[in-house]
$ cat start_3.cif   # mmCIF, C-alpha atoms and all ligand atoms
data_work
loop_
_atom_site.label_atom_id
_atom_site.label_comp_id
_atom_site.auth_asym_id
_atom_site.auth_seq_id
_atom_site.Cartn_x
_atom_site.Cartn_y
_atom_site.Cartn_z
CA MET A 174 21.45 -3.20 4.17
CA THR A 175 21.43 -4.61 0.65
CA ASN A 176 19.83 -2.77 -2.20
CA LEU A 177 16.40 -3.92 -3.25
CA ARG A 178 14.90 -5.28 -6.43
CA VAL A 179 11.85 -3.09 -7.10
CA ALA A 180 8.90 -3.50 -9.48
CA ILE A 181 6.29 -0.93 -10.44
CA LEU A 182 2.97 -2.35 -11.64
CA GLY A 183 1.16 0.39 -13.58
CA ALA A 184 4.46 1.96 -14.61
CA THR A 185 3.02 3.72 -17.67
CA GLY A 186 0.27 5.48 -15.70
CA LEU A 187 0.31 8.83 -13.93
CA VAL A 188 1.09 7.34 -10.52
CA GLY A 189 3.55 4.84 -12.01
CA GLN A 190 5.51 7.60 -13.69
CA GLU A 191 5.53 9.55 -10.44
CA PHE A 192 6.84 6.45 -8.63
CA ILE A 193 9.87 6.43 -10.93
CA LYS A 194 10.54 10.13 -10.25
CA VAL A 195 10.11 9.82 -6.49
CA LEU A 196 12.34 6.72 -6.20
CA LYS A 197 15.10 8.55 -8.08
CA GLN A 198 14.67 11.88 -6.30
CA ARG A 199 14.84 10.21 -2.89
CA ASP A 200 17.72 7.96 -3.87
CA PHE A 201 15.78 4.89 -2.80
CA PRO A 202 18.16 1.96 -2.19
CA MET A 203 17.43 -0.20 -5.21
CA ASP A 204 19.50 -2.54 -7.33
CA SER A 205 17.05 -3.02 -10.16
CA LEU A 206 13.76 -1.63 -11.39
CA VAL A 207 11.19 -3.72 -13.27
CA LEU A 208 8.45 -1.80 -15.08
CA LEU A 209 5.13 -3.59 -15.59
CA ALA A 210 1.87 -2.57 -17.23
CA SER A 211 -0.81 -4.11 -19.46
CA GLY A 212 -0.04 -6.10 -22.59
CA ALA A 213 -0.74 -2.97 -24.64
CA SER A 214 2.40 -1.33 -23.22
CA ALA A 215 4.70 -4.35 -23.47
CA GLY A 216 7.89 -3.39 -25.29
CA LYS A 217 7.53 0.38 -24.72
CA GLN A 218 10.67 2.08 -23.44
CA VAL A 219 10.65 4.41 -20.46
CA VAL A 220 13.63 6.68 -19.88
CA VAL A 221 14.88 6.52 -16.29
CA ASP A 222 17.94 8.61 -15.48
CA GLY A 223 19.01 8.64 -19.12
CA ASP A 224 18.67 4.84 -19.43
CA GLU A 225 15.85 3.21 -21.36
CA ILE A 226 13.97 0.53 -19.43
CA LYS A 227 11.62 -1.79 -21.28
CA VAL A 228 8.04 -2.18 -20.03
CA HIS A 229 6.80 -5.76 -19.64
CA GLU A 230 3.30 -7.15 -19.42
CA ALA A 231 2.65 -7.94 -15.75
CA THR A 232 2.97 -11.62 -14.88
CA HIS A 233 3.14 -13.50 -11.59
CA ARG A 234 6.62 -14.72 -12.48
CA LEU A 235 8.05 -11.22 -13.06
CA LEU A 236 6.53 -9.99 -9.82
CA GLU A 237 7.82 -12.85 -7.74
CA ASN A 238 11.44 -12.04 -8.52
CA VAL A 239 11.53 -8.71 -6.68
CA ASP A 240 11.69 -7.62 -3.03
CA LEU A 241 9.30 -4.67 -3.25
CA ALA A 242 6.40 -4.07 -5.64
CA LEU A 243 4.66 -0.71 -5.91
CA PHE A 244 1.17 -1.22 -7.39
CA SER A 245 -0.86 1.43 -9.22
CA ALA A 246 -2.90 -0.39 -11.84
CA GLY A 247 -6.33 -0.36 -10.18
CA SER A 248 -8.14 -2.60 -7.71
CA GLU A 249 -8.88 -5.47 -10.08
CA ILE A 250 -5.23 -5.91 -11.04
CA SER A 251 -4.16 -5.60 -7.41
CA ARG A 252 -6.52 -8.43 -6.45
CA VAL A 253 -5.06 -10.62 -9.20
CA PHE A 254 -1.39 -10.04 -8.39
CA ALA A 255 -0.90 -8.82 -4.81
CA PRO A 256 -1.87 -11.90 -2.74
CA GLU A 257 0.29 -14.22 -4.83
CA ALA A 258 3.26 -11.84 -4.79
CA ALA A 259 2.96 -11.51 -1.02
CA ARG A 260 2.87 -15.30 -0.66
CA ALA A 261 6.11 -15.42 -2.65
CA GLY A 262 7.72 -13.08 -0.10
CA VAL A 263 7.37 -9.80 -2.01
CA VAL A 264 6.31 -6.72 -0.05
CA VAL A 265 3.50 -5.01 -1.98
CA VAL A 266 2.58 -1.39 -1.37
CA ASP A 267 -0.77 -1.02 -3.09
CA ASN A 268 -2.28 2.27 -4.25
CA SER A 269 -5.69 0.86 -5.09
CA ALA A 270 -8.69 0.57 -2.79
CA ALA A 271 -8.64 -3.25 -2.97
CA PHE A 272 -7.30 -4.03 0.51
CA ARG A 273 -7.51 -0.75 2.44
CA MET A 274 -10.28 -1.70 4.82
CA GLU A 275 -9.31 -5.36 5.25
CA PRO A 276 -8.57 -6.17 8.88
CA GLY A 277 -4.90 -7.07 9.31
CA ILE A 278 -3.78 -5.03 6.30
CA PRO A 279 -2.02 -1.87 7.41
CA LEU A 280 -3.34 1.38 5.90
CA VAL A 281 -0.50 3.76 6.46
CA VAL A 282 0.45 7.42 6.31
CA PRO A 283 4.00 7.51 7.67
CA GLU A 284 3.52 10.84 9.47
CA VAL A 285 0.51 9.37 11.32
CA ASN A 286 0.64 5.61 11.93
CA PRO A 287 4.01 4.13 10.87
CA GLY A 288 3.79 1.65 13.78
CA ASP A 289 0.91 -0.11 11.98
CA LEU A 290 3.50 -1.55 9.61
CA GLU A 291 4.75 -3.86 12.34
CA GLY A 292 3.93 -7.49 11.63
CA HIS A 293 2.63 -6.76 8.12
CA GLN A 294 1.79 -9.84 6.08
CA GLY A 295 3.21 -8.62 2.77
CA ILE A 296 0.47 -6.28 1.55
CA ILE A 297 0.38 -2.68 2.76
CA ALA A 298 -2.33 -0.34 1.56
CA ASN A 299 -1.72 3.26 0.56
CA PRO A 300 -4.77 5.34 1.49
CA ASN A 301 -6.99 7.38 -0.80
CA CYS A 302 -5.34 10.64 -1.94
CA SER A 303 -7.88 12.99 -0.33
CA THR A 304 -7.70 11.09 2.94
CA ILE A 305 -3.90 11.21 3.09
CA GLN A 306 -3.62 14.99 2.93
CA MET A 307 -6.46 15.45 5.39
CA VAL A 308 -4.99 13.18 8.07
CA VAL A 309 -1.49 14.67 7.69
CA ALA A 310 -3.03 18.05 8.54
CA LEU A 311 -5.46 16.89 11.23
CA TYR A 312 -3.65 14.17 13.16
CA PRO A 313 -1.18 16.50 14.93
CA LEU A 314 -4.15 18.56 16.17
CA HIS A 315 -6.11 15.45 17.17
CA ARG A 316 -3.22 14.27 19.36
CA VAL A 317 -3.45 17.48 21.39
CA ASN A 318 -7.21 17.98 21.36
CA PRO A 319 -9.29 14.98 20.20
CA ILE A 320 -11.37 15.59 17.10
CA LYS A 321 -15.09 14.76 17.39
CA ARG A 322 -16.35 15.63 13.94
CA ILE A 323 -15.01 16.59 10.50
CA ILE A 324 -16.95 18.20 7.67
CA VAL A 325 -14.86 18.21 4.50
CA ASP A 326 -15.55 19.40 0.96
CA THR A 327 -12.96 18.46 -1.65
CA TYR A 328 -11.95 20.08 -4.93
CA GLN A 329 -10.14 17.23 -6.68
CA ALA A 330 -7.91 17.46 -9.74
CA VAL A 331 -8.55 15.35 -12.83
CA SER A 332 -5.13 13.67 -12.52
CA GLY A 333 -6.74 11.75 -9.65
CA THR A 334 -8.67 9.81 -12.31
CA GLY A 335 -5.59 8.91 -14.37
CA ARG A 336 -4.07 9.74 -17.74
CA ALA A 337 -7.29 9.57 -19.75
CA ALA A 338 -8.87 12.32 -17.62
CA ILE A 339 -5.98 14.71 -18.22
CA GLU A 340 -6.45 14.25 -21.95
CA GLU A 341 -10.21 14.69 -21.63
CA LEU A 342 -9.87 18.02 -19.80
CA SER A 343 -7.35 19.35 -22.36
CA GLU A 344 -9.46 18.33 -25.34
CA GLN A 345 -12.72 19.60 -23.86
CA ALA A 346 -11.17 22.93 -22.90
CA LYS A 347 -10.06 23.50 -26.51
CA LEU A 348 -13.50 22.54 -27.86
CA VAL A 349 -15.42 24.72 -25.42
CA LEU A 350 -13.14 27.72 -26.03
CA GLY A 351 -13.74 27.20 -29.75
CA GLY A 352 -17.49 27.39 -29.16
CA GLU A 353 -18.06 23.67 -29.74
CA LYS A 354 -19.85 21.09 -27.62
CA ALA A 355 -17.63 18.49 -25.92
CA VAL A 356 -18.77 14.89 -25.56
CA PRO A 357 -17.74 13.45 -22.17
CA HIS A 358 -16.08 10.02 -22.01
CA VAL A 359 -14.28 9.75 -18.67
CA TYR A 360 -16.83 11.67 -16.57
CA PRO A 361 -20.62 11.62 -16.89
CA HIS A 362 -20.66 15.35 -17.80
CA GLU A 363 -18.23 17.89 -19.26
CA ILE A 364 -15.39 18.63 -16.87
CA ALA A 365 -13.94 21.66 -18.68
CA PHE A 366 -15.25 24.89 -17.07
CA ASN A 367 -17.45 22.77 -14.80
CA VAL A 368 -17.49 21.10 -11.37
CA LEU A 369 -18.96 17.67 -10.67
CA PRO A 370 -20.07 16.55 -7.18
CA HIS A 371 -19.40 12.96 -8.15
CA ILE A 372 -16.25 10.89 -7.53
CA ASP A 373 -16.50 7.11 -7.75
CA VAL A 374 -19.90 5.42 -7.57
CA PHE A 375 -22.88 6.46 -5.44
CA LEU A 376 -23.80 4.20 -2.51
CA GLU A 377 -27.09 3.28 -0.86
CA ASN A 378 -26.92 6.16 1.61
CA ASP A 379 -26.42 8.64 -1.29
CA TYR A 380 -22.81 9.39 -0.40
CA SER A 381 -20.23 8.50 -3.06
CA ARG A 382 -17.63 5.80 -2.47
CA GLU A 383 -14.91 8.45 -2.44
CA GLU A 384 -16.79 10.16 0.40
CA TRP A 385 -17.17 6.80 2.17
CA LYS A 386 -13.41 6.26 1.86
CA MET A 387 -12.66 9.60 3.51
CA GLU A 388 -14.86 8.64 6.44
CA HIS A 389 -13.70 5.07 7.01
CA GLU A 390 -10.04 5.38 6.05
CA THR A 391 -9.64 8.39 8.36
CA ARG A 392 -10.89 6.33 11.32
CA LYS A 393 -8.61 3.40 10.51
CA ILE A 394 -5.46 5.50 10.00
CA MET A 395 -6.01 7.72 13.04
CA HIS A 396 -7.20 4.81 15.25
CA ALA A 397 -10.23 6.91 16.06
CA GLU A 398 -13.39 4.88 15.65
CA ASP A 399 -15.54 7.63 17.19
CA ILE A 400 -14.70 10.45 14.79
CA ARG A 401 -17.70 11.41 12.70
CA VAL A 402 -16.85 12.45 9.15
CA SER A 403 -19.10 13.86 6.45
CA ALA A 404 -17.46 14.49 3.07
CA THR A 405 -18.60 15.96 -0.22
CA CYS A 406 -16.10 15.07 -2.94
CA VAL A 407 -16.06 17.25 -6.03
CA ARG A 408 -14.09 16.98 -9.28
CA VAL A 409 -12.83 20.31 -10.60
CA PRO A 410 -11.06 21.22 -13.86
CA VAL A 411 -7.61 21.38 -12.33
CA TYR A 412 -4.77 19.20 -13.62
CA ALA A 413 -2.85 18.52 -10.39
CA GLY A 414 -3.45 19.17 -6.70
CA HIS A 415 -6.43 18.36 -4.52
CA SER A 416 -7.88 21.11 -2.29
CA GLU A 417 -10.05 20.63 0.79
CA ALA A 418 -12.22 22.97 2.86
CA ILE A 419 -12.21 21.32 6.29
CA HIS A 420 -14.32 22.17 9.35
CA VAL A 421 -13.24 20.40 12.52
CA GLU A 422 -14.98 20.12 15.88
CA PHE A 423 -12.60 19.38 18.77
CA ALA A 424 -13.33 18.14 22.29
CA GLN A 425 -12.16 21.52 23.63
CA PRO A 426 -11.75 24.92 21.97
CA MET A 427 -8.54 25.37 19.96
CA SER A 428 -7.35 28.78 18.78
CA PRO A 429 -6.03 29.33 15.25
CA GLU A 430 -2.72 30.41 16.84
CA GLU A 431 -2.37 27.10 18.69
CA ALA A 432 -3.24 25.15 15.54
CA ARG A 433 -0.63 27.11 13.55
CA ASP A 434 1.94 26.49 16.26
CA ILE A 435 1.27 22.72 16.30
CA LEU A 436 1.14 22.36 12.53
CA GLY A 437 4.26 24.48 12.11
CA ARG A 438 6.15 21.75 13.99
CA SER A 439 4.46 18.78 12.29
CA PRO A 440 6.17 16.53 9.74
CA GLY A 441 5.03 16.88 6.15
CA VAL A 442 3.00 20.04 6.80
CA ARG A 443 3.77 23.53 5.49
CA ILE A 444 1.71 26.48 6.68
CA MET A 445 0.84 29.11 4.05
CA ASP A 446 -1.33 31.51 5.92
CA ASP A 447 -0.91 35.26 5.65
CA LEU A 448 -4.05 37.05 4.57
CA ASP A 449 -2.28 40.44 4.37
CA THR A 450 -0.17 39.16 1.49
CA ASN A 451 -2.86 36.89 -0.03
CA LEU A 452 -0.83 33.88 1.04
CA TYR A 453 -2.81 30.65 1.11
CA PRO A 454 -2.36 27.26 -0.56
CA HIS A 455 -3.68 26.60 -4.05
CA PRO A 456 -3.15 23.74 -6.51
CA ARG A 457 -0.85 25.65 -8.88
CA ALA A 458 1.52 26.28 -5.98
CA ALA A 459 1.27 22.73 -4.58
CA ALA A 460 1.75 20.81 -7.85
CA GLY A 461 5.08 19.00 -7.92
CA ARG A 462 5.67 19.62 -4.21
CA ASP A 463 5.81 17.05 -1.42
CA GLU A 464 4.22 18.94 1.45
CA VAL A 465 0.63 19.16 2.62
CA PHE A 466 -0.07 22.91 2.60
CA VAL A 467 -2.43 24.40 5.18
CA GLY A 468 -3.89 27.90 5.23
CA ARG A 469 -6.99 30.00 5.96
CA ILE A 470 -6.88 28.65 9.54
CA ARG A 471 -9.65 30.40 11.42
CA ARG A 472 -12.25 29.95 14.13
CA ASP A 473 -15.38 28.22 12.90
CA THR A 474 -17.98 30.79 13.90
CA SER A 475 -20.70 28.11 13.90
CA HIS A 476 -19.21 26.09 16.78
CA PRO A 477 -17.33 27.09 19.97
CA ASN A 478 -14.87 24.17 19.58
CA GLY A 479 -14.54 24.54 15.82
CA LEU A 480 -11.73 25.44 13.43
CA ALA A 481 -11.89 25.88 9.67
CA MET A 482 -8.96 25.48 7.31
CA TRP A 483 -7.95 24.98 3.68
CA VAL A 484 -5.62 22.10 2.83
CA VAL A 485 -3.93 21.48 -0.54
CA SER A 486 -1.49 18.82 -1.72
CA ASP A 487 -0.27 17.18 -4.94
CA ASN A 488 -2.45 14.08 -5.31
CA LEU A 489 0.12 12.24 -7.42
CA ARG A 490 2.92 12.82 -4.92
CA LYS A 491 1.79 12.86 -1.26
CA GLY A 492 -1.60 11.50 -2.34
CA ALA A 493 -0.06 8.48 -4.07
CA ALA A 494 3.56 7.85 -5.12
CA LEU A 495 5.40 9.75 -2.40
CA ASN A 496 3.35 8.27 0.43
CA ALA A 497 3.93 4.74 -0.93
CA VAL A 498 7.67 5.28 -1.24
CA GLN A 499 7.77 6.76 2.29
CA ILE A 500 6.08 3.54 3.48
CA ALA A 501 8.83 1.51 1.77
CA GLU A 502 11.51 3.75 3.33
CA GLU A 503 9.95 3.26 6.76
CA LEU A 504 10.01 -0.52 6.25
CA VAL A 505 13.66 -0.41 5.21
CA GLU A 506 14.59 1.78 8.18
CA ARG A 507 12.83 -0.50 10.66
CA GLY A 508 14.28 -3.65 9.06
CA TRP A 509 10.82 -4.90 8.06
CA LEU A 510 11.60 -5.16 4.35
N1 LIG B 601 -4.03 9.45 -9.83
C1 LIG B 601 -4.04 9.62 -8.50
O1 LIG B 601 -3.95 10.76 -7.98
C2 LIG B 601 -4.15 8.44 -7.59
C3 LIG B 601 -4.02 8.65 -6.23
C4 LIG B 601 -4.10 7.57 -5.37
C5 LIG B 601 -4.33 6.32 -5.88
N2 LIG B 601 -4.46 6.15 -7.23
C6 LIG B 601 -4.68 4.78 -7.73
O2 LIG B 601 -3.59 4.36 -8.54
C7 LIG B 601 -4.06 3.54 -9.59
C8 LIG B 601 -3.57 4.07 -10.93
O3 LIG B 601 -3.91 5.41 -11.10
P1 LIG B 601 -3.30 6.29 -12.30
O4 LIG B 601 -3.82 7.65 -12.05
O5 LIG B 601 -1.85 6.08 -12.45
O6 LIG B 601 -4.06 5.65 -13.59
P2 LIG B 601 -3.61 5.65 -15.11
O7 LIG B 601 -2.83 6.86 -15.47
O8 LIG B 601 -4.86 5.38 -15.87
O9 LIG B 601 -2.63 4.37 -15.23
C9 LIG B 601 -3.12 3.05 -15.08
C10 LIG B 601 -1.94 2.09 -15.12
O10 LIG B 601 -2.46 0.78 -14.89
C11 LIG B 601 -1.98 -0.08 -15.94
N3 LIG B 601 -2.90 -1.14 -16.25
C12 LIG B 601 -4.17 -1.05 -16.69
N4 LIG B 601 -4.68 -2.28 -16.95
C13 LIG B 601 -3.70 -3.16 -16.64
C14 LIG B 601 -3.61 -4.57 -16.72
N5 LIG B 601 -4.63 -5.35 -17.14
N6 LIG B 601 -2.45 -5.17 -16.34
C15 LIG B 601 -1.41 -4.42 -15.92
N7 LIG B 601 -1.44 -3.08 -15.85
C16 LIG B 601 -2.58 -2.46 -16.21
C17 LIG B 601 -1.85 0.84 -17.14
O11 LIG B 601 -1.04 0.24 -18.11
P3 LIG B 601 -1.25 0.58 -19.68
O12 LIG B 601 -0.63 1.92 -19.91
O13 LIG B 601 -0.52 -0.54 -20.35
O14 LIG B 601 -2.71 0.55 -19.93
C18 LIG B 601 -1.22 2.06 -16.45
O15 LIG B 601 0.15 1.84 -16.27
C19 LIG B 601 -5.57 3.44 -9.40
O16 LIG B 601 -5.84 2.31 -8.59
C20 LIG B 601 -5.90 4.68 -8.64
O17 LIG B 601 -7.09 4.55 -7.89
C21 LIG B 601 -4.37 7.18 -8.10
#
$ encode --input "start_3.cif" --output "structure tokens" --more "lines below"
Ligand SMILES: NC(=O)c1ccc[n+]([C@@H]2O[C@H](COP(=O)([O-])OP(=O)(O)OC[C@H]3O[C@@H](n4cnc5c(N)ncnc54)[C@H](OP(=O)(O)O)[C@@H]3O)[C@@H](O)[C@H]2O)c1
Amino acid sequence: MTNLRVAILGATGLVGQEFIKVLKQRDFPMDSLVLLASGASAGKQVVVDGDEIKVHEATHRLLENVDLALFSAGSEISRVFAPEAARAGVVVVDNSAAFRMEPGIPLVVPEVNPGDLEGHQGIIANPNCSTIQMVVALYPLHRVNPIKRIIVDTYQAVSGTGRAAIEELSEQAKLVLGGEKAVPHVYPHEIAFNVLPHIDVFLENDYSREEWKMEHETRKIMHAEDIRVSATCVRVPVYAGHSEAIHVEFAQPMSPEEARDILGRSPGVRIMDDLDTNLYPHPRAAAGRDEVFVGRIRRDTSHPNGLAMWVVSDNLRKGAALNAVQIAEELVERGWL
């Protein structure tokens, strides 16, 4: 296998920076790395492994001269650049929501549906961060005992919104602690010392688009059109790591012991579940880690076939950059890149 020419579009953003780290940490087989962002970042230097790499403004020409392009610059930019790059023979792994639900475009979590990569047409979609961690935790259980219904409430970190939101939380926290009023810019209300049940826009049925994504992406990834999903997605003043309270209804009863046994053997999952020692997942412990952490596994007392659990993962890693790089690794391993 020859080493690949790789481009990152959105290289100056939170996910883009994480892409660089993950590619290096996993020793991804690459010959060259092209860093692309908006015109405002052109000429900036990014240090990669001690070497400075210059950032260029994204152009079709720069993108067409690579084998693999990792996109994290938002849906609009993906729509501008991905189809043309794919036509030029580049494999694009796209972090935005632009193509996720398009028929024929694989939406992949390598622990769940790597086979969907077969016959890809050049664009592969990386799912929404909250969906990724949920399906990594639920799919192994679903294979044993089909899931009928999922109720999920999320507690999502501000890094999920990008660099500007991290700055907004830091600045607001200082202002509020100093007794001053903070003026929100990124979110409609203050995020410091607050929680907002509002991620992405609201839709006609009064769910938010983030909640819609959790419902529809879950069905596509798990190949389970019948699963009913109801999500409430909430932004919390946490820098990194999304948390989820998940209630699952199975076709048959499943004990917490059986779930722990299955998940303990499942790829990408780490169980943290010992109430005697206050062991359960939380964002501070999950930040910077690759696993999807699962704890508080217990019977759902409101349903005979129900289980409740608490799932936490780093949204920038498994929720974005790591999952995309794992997709690329899978393609390389199967000879599809
Ligand atoms: N953050 C997460 O946890 C997460 C998880 C899953 C998916 N995603 C998706 O990943 C994408 C990026 O998220 P992020 O958190 O990294 O955002 P971010 O920190 O705001 O970074 C945005 C990146 O996009 C680039 N960009 C903006 N406008 C551009 C343009 N016209 N041409 C080229 N590049 C442009 C920016 O470049 P400049 O610095 O030059 O402006 C920057 O590199 C979004 O689609 C998001 O939905 C994010």
$ residues_around --input "start_3.cif" --residues "range 202-213 of chain A" --least-positions-apart "6" --cutoff "6 Å" --atoms "only C-alpha atoms" --output "VMD selection string"
chain A and resid 176 to 184 228 to 231
$ closest_atom_pairs --input "start_3.cif" --of "chain A" --to "ligand LIG 601 (chain B)" --cutoff "7 Å" --atoms "all atoms listed in the file" --output "tab-separated table"
residue	atom	partner	partner_atom	distance
A:Leu182	CA	B:LIG601	N7	6.1
A:Gly183	CA	B:LIG601	O15	3.2
A:Ala184	CA	B:LIG601	O15	4.6
A:Thr185	CA	B:LIG601	O15	3.7
A:Gly186	CA	B:LIG601	O9	3.1
A:Leu187	CA	B:LIG601	O5	3.8
A:Val188	CA	B:LIG601	O5	3.7
A:Gly189	CA	B:LIG601	O5	5.6
A:Leu209	CA	B:LIG601	N7	6.6
A:Ala210	CA	B:LIG601	N7	3.6
A:Ser211	CA	B:LIG601	C15	3.6
A:Gly212	CA	B:LIG601	O13	6.0
A:Ala213	CA	B:LIG601	O13	4.9
A:Ser214	CA	B:LIG601	O13	4.2
A:Glu230	CA	B:LIG601	C15	6.5
A:Ala231	CA	B:LIG601	C15	5.4
A:Ser245	CA	B:LIG601	C7	3.9
A:Ala246	CA	B:LIG601	O10	3.3
A:Gly247	CA	B:LIG601	O16	3.1
A:Ser248	CA	B:LIG601	O16	5.5
A:Ile250	CA	B:LIG601	N6	6.0
A:Asn268	CA	B:LIG601	C5	4.8
A:Ser269	CA	B:LIG601	O16	3.8
A:Ala270	CA	B:LIG601	O17	6.7
A:Asn301	CA	B:LIG601	C4	5.4
A:Cys302	CA	B:LIG601	C4	4.8
A:Ser332	CA	B:LIG601	N1	5.1
A:Gly333	CA	B:LIG601	O1	3.4
A:Thr334	CA	B:LIG601	N1	5.3
A:Gly335	CA	B:LIG601	O4	3.2
A:Arg336	CA	B:LIG601	O7	3.9
A:Ala337	CA	B:LIG601	O8	6.2
A:Asn488	CA	B:LIG601	O1	4.5
A:Leu489	CA	B:LIG601	O1	4.4
A:Gly492	CA	B:LIG601	C3	5.4
A:Ala493	CA	B:LIG601	C4	4.3
$ residues_around --input "start_3.cif" --residues "Arg408 in chain A" --least-positions-apart "4" --cutoff "9 Å" --atoms "only C-alpha atoms" --output "list of chain:residue names"
A:Thr327, A:Tyr328, A:Gln329, A:Ala330, A:Val331, A:Ile364, A:Asn367, A:Val368, A:Leu369, A:Pro370, A:His371, A:Ile372
$ residues_around --input "start_3.cif" --residues "Leu495 in chain A" --least-positions-apart "4" --cutoff "8 Å" --atoms "only C-alpha atoms" --output "ChimeraX atom specification"
/A:192,195,463,489-491,499
$ write_last_selection --input "start_3.cif" --atoms "C-alpha atoms" --output "mmCIF file, in the frame of the given file"
data_model
loop_
_atom_site.group_PDB
_atom_site.id
_atom_site.type_symbol
_atom_site.label_atom_id
_atom_site.label_comp_id
_atom_site.auth_asym_id
_atom_site.auth_seq_id
_atom_site.Cartn_x
_atom_site.Cartn_y
_atom_site.Cartn_z
ATOM 1 C CA PHE A 192 6.840 6.450 -8.630
ATOM 2 C CA VAL A 195 10.110 9.820 -6.490
ATOM 3 C CA ASP A 463 5.810 17.050 -1.420
ATOM 4 C CA LEU A 489 0.120 12.240 -7.420
ATOM 5 C CA ARG A 490 2.920 12.820 -4.920
ATOM 6 C CA LYS A 491 1.790 12.860 -1.260
ATOM 7 C CA GLN A 499 7.770 6.760 2.290
#
$ atom_distance --input "start_3.cif" --atom1 "CA of Thr474 in chain A" --atom2 "CA of Cys406 in chain A"
23.1 Å
$ residues_around --input "start_3.cif" --residues "Gly441 in chain A" --least-positions-apart "2" --cutoff "12 Å" --atoms "only C-alpha atoms" --output "PyMOL selection string"
chain A and resi 282-285+305-313+436-439+443-444+462-467+486+490-491+495-496+499
$ closest_residue --input "start_3.cif" --among "A:Gly223, A:Gly414, A:Pro279, A:Gly288" --to "Ser303 in chain A" --atoms "all atoms listed in the file"
A:Gly414
$ atom_distance --input "start_3.cif" --atom1 "CA of Thr405 in chain A" --atom2 "CA of Glu383 in chain A"
8.7 Å
$ closest_residue --input "start_3.cif" --among "A:Glu257, A:Glu422, A:Asp326, A:Asp446" --to "Leu314 in chain A" --atoms "all atoms listed in the file"
A:Glu422
$ atom_distance --input "start_3.cif" --atom1 "CA of Met427 in chain A" --atom2 "CA of Glu388 in chain A"
22.4 Å
$ closest_residue --input "start_3.cif" --among "A:Lys347, A:Arg401, A:Lys321, A:His293" --to "Val281 in chain A" --atoms "all atoms listed in the file"
A:His293
$ closest_residue --input "start_3.cif" --among "A:Arg273, A:Lys227, A:His233, A:Lys217" --to "Lys393 in chain A" --atoms "only C-alpha atoms"
A:Arg273
$ closest_residue --input "start_3.cif" --among "A:Lys354, A:Arg433, A:Arg234, A:His396" --to "Leu480 in chain A" --atoms "all atoms listed in the file"
A:Arg433
$ decode --input "start_3.cif" --residues "range 201-232 of chain A" --atoms "C-alpha atoms" --output "CSV table (one decimal), in the first residue's frame"
chain,number,residue,atom,x,y,z
A,201,PHE,CA,-2.1,7.1,9.5
A,202,PRO,CA,-0.2,6.2,6.3
A,203,MET,CA,0.2,9.6,4.7
A,204,ASP,CA,2.8,11.1,2.5
A,205,SER,CA,1.7,14.7,2.6
A,206,LEU,CA,-0.8,16.8,4.5
A,207,VAL,CA,-2.5,19.9,3.0
A,208,LEU,CA,-4.2,22.2,5.4
A,209,LEU,CA,-7.1,24.3,4.1
A,210,ALA,CA,-9.4,26.9,5.7
A,211,SER,CA,-11.0,30.2,4.8
A,212,GLY,CA,-9.2,33.0,3.2
A,213,ALA,CA,-8.9,34.6,6.6
A,214,SER,CA,-6.5,31.9,7.7
A,215,ALA,CA,-4.4,31.7,4.5
A,216,GLY,CA,-0.7,32.0,5.4
A,217,LYS,CA,-1.1,31.0,9.0
A,218,GLN,CA,1.3,28.3,10.2
A,219,VAL,CA,0.2,25.2,12.1
A,220,VAL,CA,2.8,23.2,13.9
A,221,VAL,CA,2.6,19.4,13.1
A,222,ASP,CA,5.1,17.2,14.7
A,223,GLY,CA,7.6,20.1,15.1
A,224,ASP,CA,7.2,21.1,11.5
A,225,GLU,CA,5.3,24.2,10.4
A,226,ILE,CA,2.7,23.7,7.7
A,227,LYS,CA,1.2,26.6,6.0
A,228,VAL,CA,-2.6,26.9,5.8
A,229,HIS,CA,-4.1,27.7,2.4
A,230,GLU,CA,-7.4,29.1,1.3
A,231,ALA,CA,-9.5,26.1,0.1
A,232,THR,CA,-9.7,25.8,-3.6
